[in-house]
Each structure stands twice: as C-alpha cells, then as structure tokens.
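Asker: File target-v4.cif follows (mmCIF, C-alpha atoms and all ligand atoms):
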data_structure
loop_
_atom_site.label_atom_id
_atom_site.label_comp_id
_atom_site.auth_asym_id
_atom_site.auth_seq_id
_atom_site.Cartn_x
_atom_site.Cartn_y
_atom_site.Cartn_z
CA MET A 923 -1.09 -35.27 -2.84
CA ASP A 924 -0.10 -31.88 -4.23
CA TYR A 925 -0.26 -29.24 -1.53
CA ALA A 926 2.00 -26.45 -0.29
CA ARG A 927 4.57 -27.67 2.21
CA ILE A 928 5.09 -24.37 3.97
CA ASP A 929 7.28 -24.89 6.99
CA ARG A 930 8.36 -21.40 8.05
CA ALA A 931 7.24 -17.81 8.21
CA VAL A 932 8.96 -15.22 6.03
CA LEU A 933 7.80 -12.18 7.98
CA THR A 934 8.15 -11.69 11.74
CA ARG A 935 5.94 -9.35 13.71
CA HIS A 936 8.00 -6.77 15.57
CA PRO A 937 7.86 -7.44 19.33
CA ASP A 938 6.90 -3.78 19.94
CA ASN A 939 3.77 -4.08 17.77
CA PRO A 940 1.57 -2.17 17.55
CA VAL A 941 4.22 0.49 17.01
CA LEU A 942 1.81 3.41 16.59
CA THR A 943 -1.63 3.85 18.12
CA ALA A 944 -4.19 6.63 18.44
CA ALA A 945 -2.85 7.35 21.93
CA ASP A 946 0.52 8.42 20.46
CA PHE A 947 -0.99 11.48 18.74
CA PRO A 948 -1.01 14.86 20.45
CA VAL A 949 -4.81 15.08 20.39
CA ARG A 950 -7.44 12.39 20.73
CA MET A 951 -7.92 10.17 17.69
CA ARG A 952 -9.95 7.03 17.08
CA ALA A 953 -7.45 4.98 15.12
CA VAL A 954 -4.37 4.87 12.91
CA TYR A 955 -5.14 3.17 9.63
CA ASN A 956 -3.00 1.76 6.84
CA SER A 957 0.01 4.08 6.64
CA ALA A 958 3.08 4.29 4.40
CA ALA A 959 6.70 4.96 5.32
CA ILE A 960 9.80 5.76 3.31
CA LYS A 961 13.52 6.09 4.13
CA THR A 962 15.01 9.47 3.24
CA ALA A 963 18.43 10.09 1.71
CA ALA A 964 19.54 11.30 5.15
CA GLY A 965 18.74 7.85 6.58
CA ARG A 966 15.66 8.91 8.53
CA TYR A 967 12.15 7.54 8.06
CA VAL A 968 8.91 9.40 7.49
CA MET A 969 5.49 7.84 7.79
CA LEU A 970 2.33 9.29 6.31
CA CYS A 971 -0.39 8.14 8.66
CA ARG A 972 -4.06 8.07 8.00
CA VAL A 973 -5.70 8.85 11.32
CA ASN A 974 -9.40 9.05 12.02
CA GLN A 975 -10.71 11.76 14.32
CA LEU A 976 -13.38 10.90 16.87
CA ASN A 977 -16.08 11.53 14.26
CA HIS A 978 -14.13 9.39 11.75
CA LYS A 979 -13.14 12.33 9.54
CA THR A 980 -9.71 11.55 8.14
CA LEU A 981 -6.47 13.42 8.66
CA LEU A 982 -3.09 12.74 7.09
CA TRP A 983 -0.47 13.05 9.81
CA GLY A 984 3.31 12.84 9.43
CA ALA A 985 5.42 10.84 11.87
CA ASP A 986 9.23 10.63 12.07
CA SER A 987 11.59 7.84 13.02
CA THR A 988 15.28 7.09 13.23
CA ASP A 989 14.94 3.29 13.08
CA GLY A 990 11.94 2.77 10.78
CA ILE A 991 10.07 1.03 13.58
CA HIS A 992 9.26 3.56 16.30
CA PHE A 993 7.56 6.69 14.93
CA ALA A 994 6.82 9.98 16.67
CA PRO A 995 3.83 11.90 15.29
CA ARG A 996 4.42 15.57 14.48
CA PRO A 997 2.56 18.30 16.36
CA GLU A 998 0.10 18.97 13.51
CA PRO A 999 -1.38 17.03 10.57
CA PHE A 1000 -0.69 17.94 6.93
CA GLU A 1001 -2.54 20.86 5.41
CA MET A 1002 -4.78 19.42 2.71
CA PRO A 1003 -6.36 21.30 -0.20
CA VAL A 1004 -9.34 23.50 0.66
CA ASP A 1005 -10.92 23.97 -2.77
CA GLU A 1006 -14.37 22.76 -3.70
CA LEU A 1007 -13.21 19.90 -5.91
CA TRP A 1008 -11.06 18.40 -3.13
CA GLN A 1009 -13.87 18.80 -0.59
CA SER A 1010 -16.23 16.99 -2.94
CA VAL A 1011 -13.96 14.15 -4.08
CA SER A 1012 -12.60 13.37 -0.60
CA ARG A 1013 -15.77 14.14 1.38
CA SER A 1014 -16.03 10.71 3.01
CA VAL A 1015 -12.43 9.69 3.43
CA TYR A 1016 -8.91 9.88 2.01
CA TYR A 1017 -6.81 6.84 2.69
CA ASP A 1018 -4.09 4.28 1.92
CA PRO A 1019 -1.19 6.63 1.06
CA ARG A 1020 1.71 5.30 -1.04
CA ILE A 1021 5.03 7.13 -1.43
CA THR A 1022 7.48 6.85 -4.33
CA TRP A 1023 10.82 8.68 -4.65
CA ILE A 1024 11.34 9.55 -8.32
CA ASP A 1025 12.63 12.59 -10.26
CA GLY A 1026 14.37 13.81 -7.08
CA GLU A 1027 11.14 14.27 -5.15
CA TYR A 1028 8.44 12.33 -3.37
CA LYS A 1029 5.24 11.49 -5.19
CA VAL A 1030 2.35 10.58 -2.94
CA LEU A 1031 -0.85 8.89 -4.06
CA ILE A 1032 -3.91 8.95 -1.82
CA ALA A 1033 -7.25 7.30 -2.56
CA CYS A 1034 -10.26 9.56 -2.03
CA GLU A 1035 -13.93 8.74 -1.67
CA GLY A 1036 -16.72 11.23 -1.66
CA ASP A 1037 -19.17 12.44 -4.23
CA GLN A 1038 -17.52 10.64 -7.16
CA ASN A 1039 -16.66 7.14 -5.92
CA CYS A 1040 -12.96 6.32 -5.66
CA ARG A 1041 -10.41 8.63 -7.26
CA VAL A 1042 -6.71 8.90 -6.49
CA ALA A 1043 -4.99 12.20 -5.72
CA LEU A 1044 -1.37 12.83 -6.71
CA PHE A 1045 0.76 15.06 -4.45
CA ARG A 1046 4.41 16.03 -4.74
CA SER A 1047 6.87 17.02 -2.04
CA ALA A 1048 10.55 17.83 -1.73
CA ASP A 1049 10.82 16.75 1.89
CA LEU A 1050 7.50 15.33 3.12
CA LYS A 1051 7.12 18.32 5.42
CA SER A 1052 4.27 19.60 3.27
CA LEU A 1053 2.43 18.21 0.26
CA GLU A 1054 1.55 20.00 -2.96
CA PHE A 1055 -1.62 18.73 -4.65
CA VAL A 1056 -1.07 18.05 -8.36
CA ASN A 1057 -4.30 16.51 -9.65
CA PHE A 1058 -6.56 13.51 -9.56
CA VAL A 1059 -5.17 10.83 -11.84
CA ASN A 1060 -8.14 8.68 -12.77
CA VAL A 1061 -11.82 8.65 -13.44
CA PRO A 1062 -13.78 6.58 -10.90
CA ASP A 1063 -13.53 3.80 -9.82
CA ASN A 1064 -9.86 2.98 -9.36
CA ARG A 1065 -7.57 2.67 -6.31
CA ASN A 1066 -4.54 0.91 -4.79
CA MET A 1067 -2.16 2.84 -7.02
CA VAL A 1068 1.60 2.65 -6.64
CA ILE A 1069 4.09 4.44 -8.89
CA PHE A 1070 7.21 2.48 -9.86
CA PRO A 1071 10.42 4.17 -8.62
CA ARG A 1072 11.96 4.05 -12.14
CA LYS A 1073 10.73 5.01 -15.56
CA ARG A 1074 10.83 2.67 -18.53
CA ALA A 1075 13.62 3.04 -21.08
CA ASP A 1076 11.23 5.10 -23.24
CA GLY A 1077 10.83 7.65 -20.43
CA ARG A 1078 7.30 6.70 -19.38
CA TYR A 1079 6.20 6.29 -15.78
CA MET A 1080 4.47 3.09 -14.70
CA ARG A 1081 1.91 2.46 -12.02
CA LEU A 1082 0.00 -0.50 -10.65
CA GLU A 1083 -3.68 0.14 -10.02
CA ARG A 1084 -6.92 -1.64 -9.18
CA PRO A 1085 -9.83 -0.53 -11.34
CA ASN A 1086 -13.05 -1.93 -9.95
CA ILE A 1087 -15.14 -4.15 -12.16
CA PRO A 1088 -18.48 -2.29 -12.27
CA GLY A 1089 -21.11 -3.73 -9.98
CA SER A 1090 -18.83 -6.36 -8.46
CA GLY A 1091 -16.95 -4.46 -5.74
CA LYS A 1092 -13.95 -6.47 -6.95
CA GLY A 1093 -11.11 -5.78 -9.31
CA ASN A 1094 -7.76 -7.01 -10.53
CA ILE A 1095 -4.30 -5.48 -10.52
CA TRP A 1096 -3.44 -3.61 -13.72
CA LEU A 1097 -0.36 -1.72 -14.96
CA SER A 1098 -0.57 1.55 -16.91
CA HIS A 1099 1.93 3.93 -18.48
CA SER A 1100 2.13 7.72 -18.50
CA PRO A 1101 4.37 10.39 -20.01
CA ASP A 1102 3.60 12.88 -17.22
CA LEU A 1103 1.95 11.08 -14.26
CA ILE A 1104 -1.38 12.68 -15.22
CA HIS A 1105 -2.42 10.95 -18.45
CA TRP A 1106 -2.45 7.16 -18.20
CA GLY A 1107 -2.94 4.38 -20.72
CA ASP A 1108 -1.26 1.46 -22.51
CA SER A 1109 -2.72 -0.75 -19.78
CA TYR A 1110 -2.23 -4.44 -19.04
CA GLU A 1111 -3.92 -6.78 -16.62
CA VAL A 1112 -1.30 -8.13 -14.19
CA LEU A 1113 -2.85 -10.29 -11.48
CA LYS A 1114 -6.45 -11.45 -11.08
CA SER A 1115 -8.26 -12.54 -7.94
CA THR A 1116 -9.17 -15.71 -9.81
CA ASP A 1117 -5.43 -16.45 -10.17
CA LEU A 1118 -5.25 -16.77 -6.40
CA TRP A 1119 -8.76 -17.86 -5.45
CA ASN A 1120 -9.48 -18.31 -1.78
CA PHE A 1121 -7.44 -15.72 0.05
CA CYS A 1122 -8.03 -13.16 -2.73
CA TYR A 1123 -11.51 -14.37 -3.62
CA SER A 1124 -13.17 -11.04 -2.82
CA GLY A 1125 -10.51 -8.86 -4.43
CA LEU A 1126 -6.88 -7.86 -4.35
CA GLY A 1127 -4.74 -4.79 -4.91
CA ALA A 1128 -1.10 -3.74 -5.02
CA SER A 1129 0.08 -2.72 -1.56
CA THR A 1130 3.68 -1.58 -1.85
CA VAL A 1131 5.84 0.32 -4.32
CA PRO A 1132 7.65 -2.24 -6.51
CA PHE A 1133 11.25 -2.93 -5.47
CA LEU A 1134 13.68 -4.01 -8.20
CA THR A 1135 15.55 -7.21 -7.29
CA ALA A 1136 17.93 -9.29 -9.39
CA GLU A 1137 14.90 -11.50 -10.15
CA GLY A 1138 12.42 -8.80 -11.11
CA TRP A 1139 10.11 -6.33 -9.40
CA LEU A 1140 8.97 -7.50 -5.98
CA ILE A 1141 5.58 -6.32 -4.81
CA LEU A 1142 3.41 -7.05 -1.84
CA PHE A 1143 -0.31 -7.13 -2.48
CA HIS A 1144 -3.33 -7.45 -0.23
CA GLY A 1145 -5.92 -10.14 -0.78
CA ILE A 1146 -9.47 -9.92 0.52
CA MET A 1147 -11.74 -12.81 1.48
CA ASN A 1148 -15.29 -12.20 2.62
CA ASN A 1149 -16.89 -14.83 4.80
CA CYS A 1150 -19.85 -15.00 7.16
CA THR A 1151 -18.42 -12.72 9.83
CA THR A 1152 -15.34 -10.94 8.48
CA ARG A 1153 -13.73 -9.39 5.46
CA GLU A 1154 -10.22 -10.74 5.91
CA TYR A 1155 -7.26 -8.80 4.49
CA SER A 1156 -4.01 -10.71 4.18
CA VAL A 1157 -0.77 -10.16 2.29
CA GLY A 1158 0.81 -11.93 -0.68
CA ALA A 1159 3.97 -11.28 -2.69
CA ALA A 1160 4.78 -11.44 -6.39
CA LEU A 1161 7.75 -11.04 -8.70
CA LEU A 1162 7.07 -9.13 -11.92
CA ASP A 1163 9.24 -9.17 -15.02
CA ARG A 1164 11.92 -6.50 -14.93
CA ASP A 1165 11.29 -5.17 -18.46
CA GLU A 1166 7.62 -6.05 -18.94
CA PRO A 1167 6.27 -5.83 -15.39
CA TRP A 1168 2.74 -6.74 -16.41
CA LYS A 1169 4.08 -10.29 -16.66
CA VAL A 1170 3.98 -12.17 -13.35
CA LEU A 1171 7.02 -14.42 -12.95
CA HIS A 1172 6.13 -15.90 -9.57
CA CYS A 1173 3.39 -15.30 -7.04
CA THR A 1174 2.61 -16.68 -3.61
CA LYS A 1175 -0.51 -18.84 -3.67
CA HIS A 1176 -0.70 -18.44 0.11
CA PRO A 1177 -0.50 -15.29 2.22
CA ILE A 1178 2.86 -14.41 3.75
CA LEU A 1179 1.09 -12.44 6.50
CA TYR A 1180 -2.49 -12.90 7.65
CA PRO A 1181 -4.45 -11.79 10.71
CA GLU A 1182 -3.28 -13.88 13.65
CA ALA A 1183 -2.14 -11.49 16.37
CA ASP A 1184 -4.75 -10.09 18.70
CA TYR A 1185 -4.19 -6.54 17.36
CA GLU A 1186 -4.89 -7.81 13.81
CA LEU A 1187 -7.94 -9.85 14.76
CA ARG A 1188 -9.67 -7.28 16.93
CA GLY A 1189 -10.30 -3.62 16.32
CA LEU A 1190 -12.61 -1.29 14.42
CA VAL A 1191 -12.51 -3.65 11.42
CA GLU A 1192 -11.54 -7.16 12.42
CA HIS A 1193 -9.08 -9.46 10.65
CA VAL A 1194 -7.02 -6.90 8.73
CA CYS A 1195 -3.31 -6.80 7.79
CA PHE A 1196 -2.89 -4.06 5.17
CA PRO A 1197 0.63 -2.87 4.19
CA CYS A 1198 1.27 0.40 2.37
CA SER A 1199 5.08 0.23 2.29
CA MET A 1200 8.05 -2.08 2.19
CA ILE A 1201 11.54 -0.72 2.83
CA VAL A 1202 14.55 -2.81 1.82
CA ALA A 1203 17.87 -1.95 3.52
CA ASP A 1204 21.31 -2.33 1.93
CA ASP A 1205 21.81 -5.59 3.87
CA GLU A 1206 18.53 -6.83 2.33
CA THR A 1207 16.55 -6.79 5.55
CA VAL A 1208 12.99 -5.74 4.91
CA LEU A 1209 10.57 -3.62 6.93
CA VAL A 1210 6.89 -3.96 6.10
CA HIS A 1211 4.61 -1.28 7.53
CA TYR A 1212 1.03 -2.41 7.84
CA GLY A 1213 -2.19 -1.31 9.38
CA ALA A 1214 -3.87 -3.83 11.69
CA ALA A 1215 -7.63 -4.15 12.26
CA ASP A 1216 -8.10 -0.57 11.02
CA THR A 1217 -6.99 0.55 14.48
CA VAL A 1218 -3.19 0.48 14.89
CA GLN A 1219 0.01 0.57 12.84
CA CYS A 1220 2.45 -2.35 12.91
CA VAL A 1221 5.81 -3.45 11.50
CA ALA A 1222 6.93 -6.86 10.30
CA THR A 1223 10.53 -7.70 9.43
CA GLY A 1224 12.03 -10.18 7.00
CA ARG A 1225 14.74 -10.86 4.48
CA LEU A 1226 14.55 -10.15 0.77
CA SER A 1227 15.76 -13.65 -0.09
CA ASP A 1228 12.95 -15.21 1.99
CA LEU A 1229 10.32 -13.12 0.22
CA ILE A 1230 11.70 -14.20 -3.14
CA HIS A 1231 11.74 -17.80 -1.90
CA ALA A 1232 8.05 -17.46 -0.93
CA CYS A 1233 7.15 -16.02 -4.35
CA ARG A 1234 8.82 -18.99 -6.02
CA ASN A 1235 7.66 -21.77 -3.73
CA TRP A 1236 4.50 -20.88 -1.76
C1 LIG A 1301 -8.45 0.03 2.81
C2 LIG A 1301 -9.34 1.17 3.24
C3 LIG A 1301 -9.82 1.06 4.67
C4 LIG A 1301 -10.36 -0.31 4.84
C5 LIG A 1301 -9.18 -1.16 4.67
C6 LIG A 1301 -8.99 -2.41 5.35
O1 LIG A 1301 -8.39 -0.07 1.44
O2 LIG A 1301 -10.47 1.14 2.46
O3 LIG A 1301 -10.74 2.07 4.98
O4 LIG A 1301 -11.12 -0.53 5.97
O5 LIG A 1301 -8.86 -1.17 3.32
O6 LIG A 1301 -7.89 -2.09 6.07
#
Show this structure as structure tokens.
Ligand code: BMA
Answerer:
Amino acid sequence: MDYARIDRAVLTRHPDNPVLTAADFPVRMRAVYNSAAIKTAAGRYVMLCRVNQLNHKTLLWGADSTDGIHFAPRPEPFEMPVDELWQSVSRSVYYDPRITWIDGEYKVLIACEGDQNCRVALFRSADLKSLEFVNFVNVPDNRNMVIFPRKRADGRYMRLERPNIPGSGKGNIWLSHSPDLIHWGDSYEVLKSTDLWNFCYSGLGASTVPFLTAEGWLILFHGIMNNCTTREYSVGAALLDRDEPWKVLHCTKHPILYPEADYELRGLVEHVCFPCSMIVADDETVLVHYGAADTVQCVATGRLSDLIHACRNW
C-alpha cells in the first residue's frame, strides 16, 4: 500500500507558547493575530503584530526581541495612513503582514479589506520604527503576497501571491514579476489547492518570504480545509526552482504543522496555525512565527535540513 510513512515531526512548538498574547500589550486588546518577524542586521528581532482592539478594529503594533522568541510590545502601535483611500480600502481590517529586506530597507506587505475587497498595501521602512505607505499593489481580489529577498538576474522583483478565483473563495499560489514593486505581470501559476487536495482543499496561500537554500527557494504555505465545524489552517512546505521559482521541485503532501495544541484548537477562530515568517539562523536552525486560533502568537523551531527532508519525502 502506498502511503506516507511519516515517523517524526519537523517542527517543535516552543515550550513557552503562546509567546505573545493580548495581555502583553500596554492597553486592553482582544487578540494577537498572525504576525511576522524579521532579524535585523544588528541581530535583534522585530515583530509586526496584528492586534484587534476590543471592538475588533485592527492595529499594527511593533514588538522587539533579543532571542526571536520572547517579544515585548512597544508603548504605541504604528501610525497608519489617514487619507480617504486608506480609510476606504482598509475599513474592515488590515492583516497578515509580511516583511522582506531588499534594496537596503524593509518592504512590508499588508492585506487590506474594506470597500474594495482584498488589496495589498506596500510600505517601506529603514528601521521598522515607522512605516511609509507606498501604494496598493493589486486590483482586488488578491492576498498572501510575499516579496522575494533577491531580484532576478534581469533586475525584476518577484512576489508570490494568491489571486482569488472569482466566486469560489479559493485561489492558487502564483508568481509575478515587477520592475518597480508597483507594476506586476509576467505571472505563472505555482501551486494549486488541487495539487494537495485534502489539507488544502479549501484554499492555500504563501505564508513566508522565500529562503534560498542550496536546493532552491524554501517556502512555507498555509492550507485551508473547511469541514462541518471548522475551517482548519495548517502549514506545508515547498521547494521552488532557484532560477524559475514558479516551478515546484518538491512539496509536502502532508502538513508539517497543524492545529493540535490547545492554544491552536481553541480561540476566537478555532483550529488555526498561520505563519507569516520563517527566520533561518547561520547554524540552520529555523524559527517559525505563527498565529494560533486567531488569538495568540506562537513560535515553532526546527532545522533547515528537516524541512527540506519533509519537502522531498512527506
Ligand atoms: C488570515 C486572516 C485572518 C483569518 C486567518 C486565519 O488570512 O484572514 O483574519 O482569520 O487567516 O488565521
């Protein structure tokens, strides 16, 4: 019988999980959602946290860390744009930040929902102490965007994205190119929910900024499966071709992290593990920052070689 003989986990939940909760913020909040972290050149870590106020209006709140695991929220959230367009496009929520270091600065993408369905906002920052809004970088409905940390040889930027298939609520992972991070095209379909079936049956999207390994670009993605009582979010991994990253070399057919711990199973939205960042250290240990049950922020640890093993064999 042909079935996956998976005999070990490749990611380990940190014993201090959840590492960040609403109670850690200086004023009362409902929940910390899917948040992204990055390691700075100075060896510190910054997390951009989506937090929901008591009325569920979103804030983006910075948190700092020396070990990449324990984060201290700053006294105040980020100032966000105040103009009419921003108010309209992000009226309901802005969420799922992703951070890429490229061109000597941080580029931050944030999905926004409001009067125009989902659009993604691009911000830039020298130090992640404040964010400068650049523009929205798509027409609706597109989300789960991550910018590659390197340009192609021809100078173009690349991003992964998840345009929704109209009327379905689902979509597949695509890759597009841009000369300036604003205008995007030359697009390729990368990974489809039908490639993975069950655990991605109800959709999937890129979760983390691609990391270049000797075997290609490693990404984590989230897979969604609706059933009678839950909309389960779990996490898979894939290796994309180094030069033509719309080609999938290997992909886990099973999740490498799925809701199991109490803080992932129970919360505002049950059965959710949703990463927005993966940080790989020089010794190839990996930190995965993920939101759990749309309520708290967690960390899982692993080794790069084990993730690559899972892509090849799971
Ligand atoms: C993200 C956001 C959240 C949502 C979550 C599951 O993409 O849309 O608001 O609940 O997925 O964690």
Asker: Of the residues A:Ala1215, A:Ala1222, A:Leu1140, A:Val1068, which is the one nearest to ligand LIG 1301 (chain A), using all atoms listed in the file?
Answerer: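 Of A:Ala1215, A:Ala1222, A:Leu1140, A:Val1068, the one nearest ligand LIG 1301 (chain A) is A:Ala1215, counting all atoms listed in the file.
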Asker: If you count all atoms listed in the file, which residues fall within 12 Å of region 1009-1014 of chain A, apart from same-chain ones fewer than 3 positions away, as an MDAnalysis selection string?
Answerer: chainID A and resid 974 977:981 1002:1006 1017 1032:1043 1057:1058 1060:1063
Asker: Could you please take those selected residues and save C-alpha atoms as a compact mmCIF listing (two decimals), in the coordinates of the input?
Answerer:
# COMPACT_ATOMS: atom_id res chain seq x y z
CA ASN A 974 -9.40 9.05 12.02
CA ASN A 977 -16.08 11.53 14.26
CA HIS A 978 -14.13 9.39 11.75
CA LYS A 979 -13.14 12.33 9.54
CA THR A 980 -9.71 11.55 8.14
CA LEU A 981 -6.47 13.42 8.66
CA MET A 1002 -4.78 19.42 2.71
CA PRO A 1003 -6.36 21.30 -0.20
CA VAL A 1004 -9.34 23.50 0.66
CA ASP A 1005 -10.92 23.97 -2.77
CA GLU A 1006 -14.37 22.76 -3.70
CA TYR A 1017 -6.81 6.84 2.69
CA ILE A 1032 -3.91 8.95 -1.82
CA ALA A 1033 -7.25 7.30 -2.56
CA CYS A 1034 -10.26 9.56 -2.03
CA GLU A 1035 -13.93 8.74 -1.67
CA GLY A 1036 -16.72 11.23 -1.66
CA ASP A 1037 -19.17 12.44 -4.23
CA GLN A 1038 -17.52 10.64 -7.16
CA ASN A 1039 -16.66 7.14 -5.92
CA CYS A 1040 -12.96 6.32 -5.66
CA ARG A 1041 -10.41 8.63 -7.26
CA VAL A 1042 -6.71 8.90 -6.49
CA ALA A 1043 -4.99 12.20 -5.72
CA ASN A 1057 -4.30 16.51 -9.65
CA PHE A 1058 -6.56 13.51 -9.56
CA ASN A 1060 -8.14 8.68 -12.77
CA VAL A 1061 -11.82 8.65 -13.44
CA PRO A 1062 -13.78 6.58 -10.90
CA ASP A 1063 -13.53 3.80 -9.82
Asker: What residues of the protein or nucleic acid chains come within 8 Å of ligand LIG 1301 (chain A) when you use all atoms listed in the file? Reply as an MDAnalysis selection string.
Answerer: chainID A and resid 955:956 1015 1017:1018 1066 1155 1191 1194:1196 1213:1216
Asker: Between A:Phe1055, A:Phe993, A:Tyr1180, A:Tyr1212, which is the closest to Gly1158 (chain A) once you count all atoms listed in the file?
Answerer: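 For Gly1158 (chain A), the nearest of the candidates is A:Tyr1180.
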Asker: As an exercise, work out the distance from CA of Pro1177 (chain A) to CA of Tyr1110 (chain A) in Å and give it to one decimal place.
Answerer: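 So the two atoms, CA of Pro1177 (chain A) and CA of Tyr1110 (chain A), lie 23.9 Å apart.
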Asker: Quote the spacing between CA of Pro997 (chain A) and CA of Asp946 (chain A) in Å to one decimal place.
Answerer: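 Here the two named atoms are 10.9 Å from each other.
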Asker: Quick check, in Å to one decimal: how far apart do CA of Lys1051 (chain A) and CA of Ala963 (chain A) lie?
Answerer: 14.5 Å
Asker: Quick one: residues within 12 Å of His1193 (chain A), only C-alpha atoms counted, chain neighbours fewer than 2 positions away excluded, as a VMD selection string?
Answerer: chain A and resid 1145 to 1149 1151 to 1157 1179 to 1191 1195 to 1196 1213 to 1217
Asker: I need the residue nearest Ala1136 (chain A) from this list: A:Leu1226, A:Val1210, A:Glu1166, A:Lys1175. Use only C-alpha atoms for the distance.
Answerer: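 So, comparing all the options, the nearest one is A:Leu1226.
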Asker: Rank A:Ser1100, A:Ser1109, A:Ser1124, A:Ser957 by their smallest atom-to-atom distance to Ile1069 (chain A), using only C-alpha atoms, and report the top residue only.
Answerer: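 Going through A:Ser1100, A:Ser1109, A:Ser1124, A:Ser957 one by one, the smallest distance to Ile1069 (chain A) is for A:Ser1100.
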Asker: Select, counting all atoms listed in the file, all protein, DNA and RNA residues no farther than 10 Å from (8.4, -11.6, 11.2) in file coordinates, and express the selection as a compact mmCIF listing (two decimals) with C-alpha atoms, in the coordinates of the input.
Answerer:
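The resulting file, out11.txt, is reproduced below:
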# COMPACT_ATOMS: atom_id res chain seq x y z
CA ALA A 931 7.24 -17.81 8.21
CA VAL A 932 8.96 -15.22 6.03
CA LEU A 933 7.80 -12.18 7.98
CA THR A 934 8.15 -11.69 11.74
CA ARG A 935 5.94 -9.35 13.71
CA HIS A 936 8.00 -6.77 15.57
CA PRO A 937 7.86 -7.44 19.33
CA ILE A 1178 2.86 -14.41 3.75
CA LEU A 1179 1.09 -12.44 6.50
CA VAL A 1208 12.99 -5.74 4.91
CA LEU A 1209 10.57 -3.62 6.93
CA VAL A 1210 6.89 -3.96 6.10
CA VAL A 1221 5.81 -3.45 11.50
CA ALA A 1222 6.93 -6.86 10.30
CA THR A 1223 10.53 -7.70 9.43
CA GLY A 1224 12.03 -10.18 7.00
CA ARG A 1225 14.74 -10.86 4.48
Asker: Enumerate, as an NGL selection string, the protein, DNA and RNA residues whose atoms approach (5.9, 8.6, 7.5) to within 12 Å, taking into account all atoms listed in the file and the coordinate frame of the file.
Answerer: :A and (942 or 956-962 or 966-972 or 982-996 or 999-1000 or 1019-1021 or 1028 or 1030 or 1049-1052 or 1198-1199 or 1201 or 1211 or 1219)
